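Read through the structure below, which is laid out as structure tokens, and then see the notes.
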Amino acid sequence: MSELSNSAEHNFESYPPIFRRRPESQTQNIDTAFTDAINDDVPDSDPAIPVIDLQCLNLDSLGEACRDWGLFRLVNHGIPPALLSHLQDHASKLFSLSFEFKQSLFSSPLSYFWGTPALTPSGAALQRGPQKSISWVEGFNVPLGPLSQLEPEDPVFASFRLLLEEYGKHLARVATTIFEAMVMKLNLNLVEVKSNLSESTGYVRIYRYPLHSMANSTWGLDAHTDSSVLSILSQYEVGGLEVLKDNKWLQVKPMSNTLLVNLGDMMQAISNDEYKSVEHRVKLNKHRERISICYFVFPDEGSVIRSSKYKPFTYSDFRARVQEELKTLGFKVGLRNFKLTQTS
Ligand SMILES: O=C(O)CCC(=O)C(=O)O
Ligand SMILES: [Fe+2]
């Protein structure tokens with residue numbers, strides 16, 4: 001880890017005020033109904049998590065990973081290791097800036113958020129109710145489409161933008177290659193489903209999970225599935241990601257130069273439920289911050305998802321429904337709302 005990020009570990013001024021260190025009794029107050037005791041004994045999943053090699057894609061292994069796990073590690077993805085480490089360093093540097101400066105640095109279409117990963121389409125934090133506990137995370141939300149038109153004045157941000165653009169191009173390539181391989185393996189018609197993944201919808205979220213002295217009772221992100229077609233994560237030295245496999249939570253340890261591909265709800269629907277959208281969560285760390293860089297890609301605006309298991313819907317329909325659920329119920333019902341009812 002670089003000097004920069006080491007120093008950031010103790011820079012509490014850079015934390016949003018709700019995350020600054022406080023006596024443990026106070027910490028309890030902001031953790032509400034959903035802070036079940038976090039089980040520290042989650043087993044290490046390695047080496048069981050499937051590994052897929054992008055340079056020699058084996059469709060059978062890919063299909064098996066998507067069916068049995070809903071996620072896999074990706075190696076030989078062609079992203080230069082130096083690009084990944086520069087991004088990580090820049091992210092650490094940006095996060096270590098003061099909270100107030102971070103708020104002023106990011107304006108629409110980019111945004112800086114904290115306390116919740118749920119954002120509206122314009123990038124503003126979505127109020128989750130009722131009694132939803134805060135997520136111990138802050139992040140930058142960067143839609144990749146408009147990125148090239150931005151002309152940031154701040155030099156740190158200007159070079160960050162160039163790195164993100166380069167990273168975004170790689171991730172679009174990786175996502176399209178994987179999607180097309182899945183479509184082939186599923187025997188779907190590529191012409192019909194091509195618009196179900198649109199590179200122009202891609203965005204990157206960069207997260208920092210602050211230290212938390214009560215790391216055993218508060219989540220970075222609580223259990224969820226992603227709404228995307230694919231989510232591609234890069235986690236660095238500090239682990240914390242866990243996935244649900246056969247009703248058991250397993251740790252996903254960081255591995256250098258390896259990406260992690262998660263299948264989202266849209267991919268589950270496109271695959272007629274043959275593949276699954278994996279449930280996952282992020283645990284906090286008492287001693288070290290965690291930074292992750294996550295790319296999400298979605299269907300084209302207006303592209304209809306036709307599935308033997310669900311009513312035809314667009315991602316916009318799905319997103320609007322989920323945002324309503326988060327506001328009114330405090331949690332996502334998601335795909336179940338679109339499921340075709342069984343007729344005998
Ligand atoms: O930070 C991570 O590793 C996971 C982030 C995540 O699950 C999400 O943004 O949906
Ligand atoms: Fe996620």
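Order determines the names: the first chain of the structure tokens is A, the second B, and so forth; residues in each chain are numbered 1 upward, and ligands are numbered 1 upward as they are shown.
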| message | I'd like the contact shell of Gly239 of chain A - 10 Å cut-off, only C-alpha atoms, skipping same-chain residues fewer than 4 positions apart - returned as a ChimeraX atom specification. | response | /A:235,251-255,282-285,288-292
| message | Distance limit 10 Å, reference ligand 2, atoms considered: only C-alpha atoms and all ligand atoms. Which residues make the cut? Give them as a list in words. | response |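 Written in the requested form, the residues are Pro117, Leu221, Asp222, Ala223, His224, Thr225, Asp226, Ser227, Ser228, Ser231, Ile232, Leu233, Leu241, Val243, Asn262, Leu263, Gly264, Ser277, Val278, Glu279, His280, Arg281, Val282, Cys294 and Phe296 of chain A.
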| query | Just asking: which residues within segment 22-236 of chain A are strand (DSSP E or B) according to DSSP, as a ChimeraX atom specification? | reply | /A:44,51-53,71-75,111-114,119,125,138-143,198-209,219-224,230-235
Dump as a CSV table (one decimal), in the first residue's frame, selection limited to N, CA and C atoms:
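The resulting file, result_10.csv, is reproduced below:
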chain,number,residue,atom,x,y,z
A,44,ASP,N,-13.2,-19.0,4.5
A,44,ASP,CA,-12.5,-18.5,3.3
A,44,ASP,C,-12.9,-19.4,2.2
A,51,VAL,N,-12.2,-19.7,-11.6
A,51,VAL,CA,-11.3,-18.8,-12.3
A,51,VAL,C,-11.5,-18.9,-13.8
A,52,ILE,N,-11.8,-17.8,-14.4
A,52,ILE,CA,-12.0,-17.8,-15.9
A,52,ILE,C,-10.8,-17.0,-16.5
A,53,ASP,N,-10.3,-17.6,-17.6
A,53,ASP,CA,-9.2,-17.0,-18.3
A,53,ASP,C,-9.8,-16.3,-19.6
A,71,LEU,N,-20.7,-15.8,-10.0
A,71,LEU,CA,-19.5,-14.9,-10.0
A,71,LEU,C,-18.3,-15.8,-10.3
A,72,PHE,N,-17.2,-15.1,-10.7
A,72,PHE,CA,-16.0,-15.8,-11.0
A,72,PHE,C,-14.8,-14.8,-11.0
A,73,ARG,N,-13.6,-15.3,-10.8
A,73,ARG,CA,-12.4,-14.5,-10.9
A,73,ARG,C,-12.1,-14.4,-12.3
A,74,LEU,N,-11.5,-13.3,-12.8
A,74,LEU,CA,-11.1,-13.2,-14.2
A,74,LEU,C,-9.7,-12.9,-14.3
A,75,VAL,N,-8.9,-13.8,-15.0
A,75,VAL,CA,-7.5,-13.6,-15.2
A,75,VAL,C,-7.2,-13.3,-16.7
A,111,SER,N,-20.8,12.2,-9.0
A,111,SER,CA,-21.3,12.6,-7.6
A,111,SER,C,-20.4,11.9,-6.5
A,112,TYR,N,-20.4,12.5,-5.4
A,112,TYR,CA,-19.8,12.0,-4.2
A,112,TYR,C,-20.9,11.6,-3.2
A,113,PHE,N,-20.9,10.4,-2.7
A,113,PHE,CA,-22.0,10.0,-1.8
A,113,PHE,C,-21.4,9.3,-0.6
A,114,TRP,N,-22.2,9.1,0.4
A,114,TRP,CA,-21.8,8.4,1.6
A,114,TRP,C,-23.0,7.9,2.4
A,119,LEU,N,-28.5,5.3,-5.2
A,119,LEU,CA,-28.5,6.6,-5.8
A,119,LEU,C,-29.6,6.7,-6.8
A,125,ALA,N,-28.0,10.8,-3.4
A,125,ALA,CA,-28.3,9.7,-2.5
A,125,ALA,C,-29.8,9.5,-2.4
A,138,GLU,N,-18.2,5.4,1.6
A,138,GLU,CA,-18.3,6.7,0.9
A,138,GLU,C,-17.9,6.3,-0.6
A,139,GLY,N,-18.3,7.1,-1.5
A,139,GLY,CA,-17.9,6.7,-2.9
A,139,GLY,C,-18.0,7.9,-3.9
A,140,PHE,N,-17.4,7.6,-5.0
A,140,PHE,CA,-17.5,8.5,-6.2
A,140,PHE,C,-18.3,7.7,-7.2
A,141,ASN,N,-19.3,8.4,-7.8
A,141,ASN,CA,-20.1,7.7,-8.8
A,141,ASN,C,-19.7,8.4,-10.2
A,142,VAL,N,-19.2,7.6,-11.1
A,142,VAL,CA,-18.7,8.2,-12.4
A,142,VAL,C,-19.4,7.5,-13.6
A,143,PRO,N,-20.4,8.2,-14.2
A,143,PRO,CA,-20.9,7.6,-15.4
A,143,PRO,C,-19.9,7.8,-16.5
A,198,SER,N,-25.4,-2.5,-23.0
A,198,SER,CA,-25.0,-1.4,-23.7
A,198,SER,C,-23.8,-0.7,-23.0
A,199,GLU,N,-22.6,-0.7,-23.7
A,199,GLU,CA,-21.4,-0.1,-23.2
A,199,GLU,C,-21.6,1.4,-22.7
A,200,SER,N,-22.6,2.1,-23.4
A,200,SER,CA,-22.7,3.5,-23.1
A,200,SER,C,-23.4,3.7,-21.7
A,201,THR,N,-23.9,2.6,-21.1
A,201,THR,CA,-24.5,2.8,-19.8
A,201,THR,C,-23.5,2.5,-18.7
A,202,GLY,N,-22.3,2.2,-19.0
A,202,GLY,CA,-21.3,1.8,-18.0
A,202,GLY,C,-21.0,2.9,-17.0
A,203,TYR,N,-20.9,2.6,-15.8
A,203,TYR,CA,-20.4,3.6,-14.8
A,203,TYR,C,-19.4,2.9,-13.8
A,204,VAL,N,-18.6,3.7,-13.2
A,204,VAL,CA,-17.6,3.2,-12.2
A,204,VAL,C,-18.0,3.8,-10.9
A,205,ARG,N,-18.0,3.0,-9.9
A,205,ARG,CA,-18.1,3.5,-8.5
A,205,ARG,C,-16.8,3.1,-7.8
A,206,ILE,N,-16.3,4.1,-7.1
A,206,ILE,CA,-15.1,3.9,-6.3
A,206,ILE,C,-15.5,4.1,-4.9
A,207,TYR,N,-15.3,3.0,-4.1
A,207,TYR,CA,-15.7,3.0,-2.7
A,207,TYR,C,-14.5,3.1,-1.8
A,208,ARG,N,-14.8,3.8,-0.7
A,208,ARG,CA,-13.9,3.6,0.5
A,208,ARG,C,-14.7,3.2,1.7
A,209,TYR,N,-14.3,2.1,2.3
A,209,TYR,CA,-15.0,1.7,3.5
A,209,TYR,C,-14.1,2.1,4.7
A,219,TRP,N,-22.3,-2.9,8.8
A,219,TRP,CA,-21.8,-3.4,7.4
A,219,TRP,C,-21.3,-2.2,6.6
A,220,GLY,N,-20.4,-2.6,5.7
A,220,GLY,CA,-20.0,-1.6,4.6
A,220,GLY,C,-21.2,-1.6,3.7
A,221,LEU,N,-21.5,-2.7,3.1
A,221,LEU,CA,-22.8,-2.8,2.3
A,221,LEU,C,-23.5,-4.1,2.8
A,222,ASP,N,-24.7,-4.0,3.1
A,222,ASP,CA,-25.4,-5.2,3.5
A,222,ASP,C,-25.8,-6.0,2.3
A,223,ALA,N,-26.3,-7.2,2.6
A,223,ALA,CA,-26.5,-8.2,1.6
A,223,ALA,C,-27.4,-7.7,0.5
A,224,HIS,N,-27.0,-7.9,-0.7
A,224,HIS,CA,-27.8,-7.4,-1.9
A,224,HIS,C,-27.4,-8.2,-3.2
A,230,LEU,N,-23.8,-7.0,-15.7
A,230,LEU,CA,-22.6,-7.5,-15.1
A,230,LEU,C,-22.0,-6.4,-14.2
A,231,SER,N,-21.3,-6.8,-13.1
A,231,SER,CA,-20.6,-5.9,-12.3
A,231,SER,C,-19.2,-6.5,-12.2
A,232,ILE,N,-18.2,-5.6,-12.4
A,232,ILE,CA,-16.8,-6.1,-12.5
A,232,ILE,C,-16.0,-5.4,-11.4
A,233,LEU,N,-15.5,-6.1,-10.4
A,233,LEU,CA,-14.9,-5.4,-9.3
A,233,LEU,C,-13.4,-5.6,-9.2
A,234,SER,N,-12.8,-4.6,-8.7
A,234,SER,CA,-11.3,-4.7,-8.4
A,234,SER,C,-11.2,-4.4,-7.0
A,235,GLN,N,-10.8,-5.4,-6.2
A,235,GLN,CA,-10.6,-5.1,-4.7
A,235,GLN,C,-9.1,-5.2,-4.5
| query | Just asking: which residues within segment 44-217 of chain A are alpha helix (DSSP H) according to DSSP, as an MDAnalysis selection string? | reply | chainID A and resid 59:68 81:95 99:105 155:185 190:193
| request: Please provide as a list in words all residues within 12 Å of Pro312 of chain A, with the sequence filter that same-chain residues fewer than 3 positions apart are discarded (counting only C-alpha atoms). | output: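 Listing them by chain and then by number gives Met266, Ala269, Ile270, Asn272, Gly302, Ser303, Val304, Ile305, Arg306, Ser307, Ser308, Lys309, Tyr315, Ser316, Asp317, Phe318, Leu335, Asn337, Phe338, Lys339 and Leu340 of chain A.
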| Long-range neighbours of Lys286 of chain A as a list of chain:residue names, 8 Å cut-off, only C-alpha atoms, 5 positions minimum in chain |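 Here the qualifying residues turn out to be A:Leu211, A:His212, A:Ser213, A:Met214, A:Ala215.
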| Using only C-alpha atoms: which of A:Tyr310, A:Leu59, A:Ile178, A:Ile134 has the shortest distance to Val261 of chain A | A:Ile178
| In terms of the shortest atom-to-atom distance over only C-alpha atoms and all ligand atoms, which of A:Val229, A:Val42, A:Val137, A:Ala124 is closest to ligand 1? |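 Checking each candidate against ligand 1, we get A:Val137 as the closest.
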| message | For Arg67 of chain A, find every residue with an atom within 10 Å (counting only C-alpha atoms), except residues of its own chain fewer than 2 positions away, and show them as a list in words. | response |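 Listing them by chain and then by number gives Ser61, Leu62, Gly63, Glu64, Ala65, Trp69, Gly70, Leu71, Leu263, Gln268, Ser271, Asp273, Glu274, Tyr275, Lys276, Ser277 and Val278 of chain A.
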| If we count only C-alpha atoms, what is near Asn76 of chain A at a cut-off of 9 Å, once residues fewer than 5 positions away on the same chain are taken out, given as a list in words? | Ile52, Asp53, Leu54, Gln55, Cys56, Asn257 and Thr258 of chain A
Convert the current residue selection to file output with N, CA, C and O atoms, as a short mmCIF file (atom, residue, chain, number, x, y, z; two decimals), in the first residue's frame.
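Dumped everything to again-v4.cif:
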data_model
loop_
_atom_site.label_atom_id
_atom_site.label_comp_id
_atom_site.auth_asym_id
_atom_site.auth_seq_id
_atom_site.Cartn_x
_atom_site.Cartn_y
_atom_site.Cartn_z
N ILE A 52 -11.78 -17.80 -14.44
CA ILE A 52 -11.97 -17.83 -15.90
C ILE A 52 -10.85 -17.02 -16.55
O ILE A 52 -10.51 -15.93 -16.09
N ASP A 53 -10.31 -17.60 -17.61
CA ASP A 53 -9.21 -16.96 -18.34
C ASP A 53 -9.79 -16.29 -19.58
O ASP A 53 -10.32 -16.97 -20.46
N LEU A 54 -9.69 -14.96 -19.63
CA LEU A 54 -10.32 -14.25 -20.74
C LEU A 54 -9.60 -14.50 -22.07
O LEU A 54 -10.19 -14.40 -23.13
N GLN A 55 -8.32 -14.85 -21.97
CA GLN A 55 -7.58 -15.06 -23.22
C GLN A 55 -7.90 -16.40 -23.87
O GLN A 55 -7.79 -16.55 -25.07
N CYS A 56 -8.24 -17.39 -23.07
CA CYS A 56 -8.74 -18.63 -23.69
C CYS A 56 -10.01 -19.02 -22.95
O CYS A 56 -10.00 -19.85 -22.05
N ASN A 257 -4.04 -8.48 -9.68
CA ASN A 257 -4.30 -8.54 -11.13
C ASN A 257 -5.46 -9.45 -11.52
O ASN A 257 -5.48 -9.99 -12.63
N THR A 258 -6.36 -9.62 -10.61
CA THR A 258 -7.52 -10.46 -10.90
C THR A 258 -8.78 -9.62 -10.68
O THR A 258 -8.88 -8.93 -9.68
#
| task | Compare A:Ala158, A:Val183, A:Leu188, A:Leu197 by their minimum atom-to-atom distance to Phe106 of chain A, counting only C-alpha atoms, and give me the closest one. | result | A:Ala158
| field | Selected residue, from A:Ala82, A:Ala181, A:Leu250, A:Val297, that lies nearest to Ile49 of chain A when counting only C-alpha atoms | value | A:Leu250
| said: Env of segment 319-328 of chain A: 9 Å cut, atoms = only C-alpha atoms, seq-sep filter 6 positions within chain, self excluded. Answer as a PyMOL selection string. | reply: chain A and resi 118-121+126-130+227+334+337
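Minimum distance to ligand 1 across A:Phe99, A:Phe331, A:Phe160, A:Tyr295 (counting only C-alpha atoms and all ligand atoms) occurs at A:Tyr295.
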| remark: Using only C-alpha atoms, the shortest atom-to-atom distance to Arg20 of chain A among A:Gly123, A:Pro210, A:Thr177, A:Phe157 belongs to A:Pro210
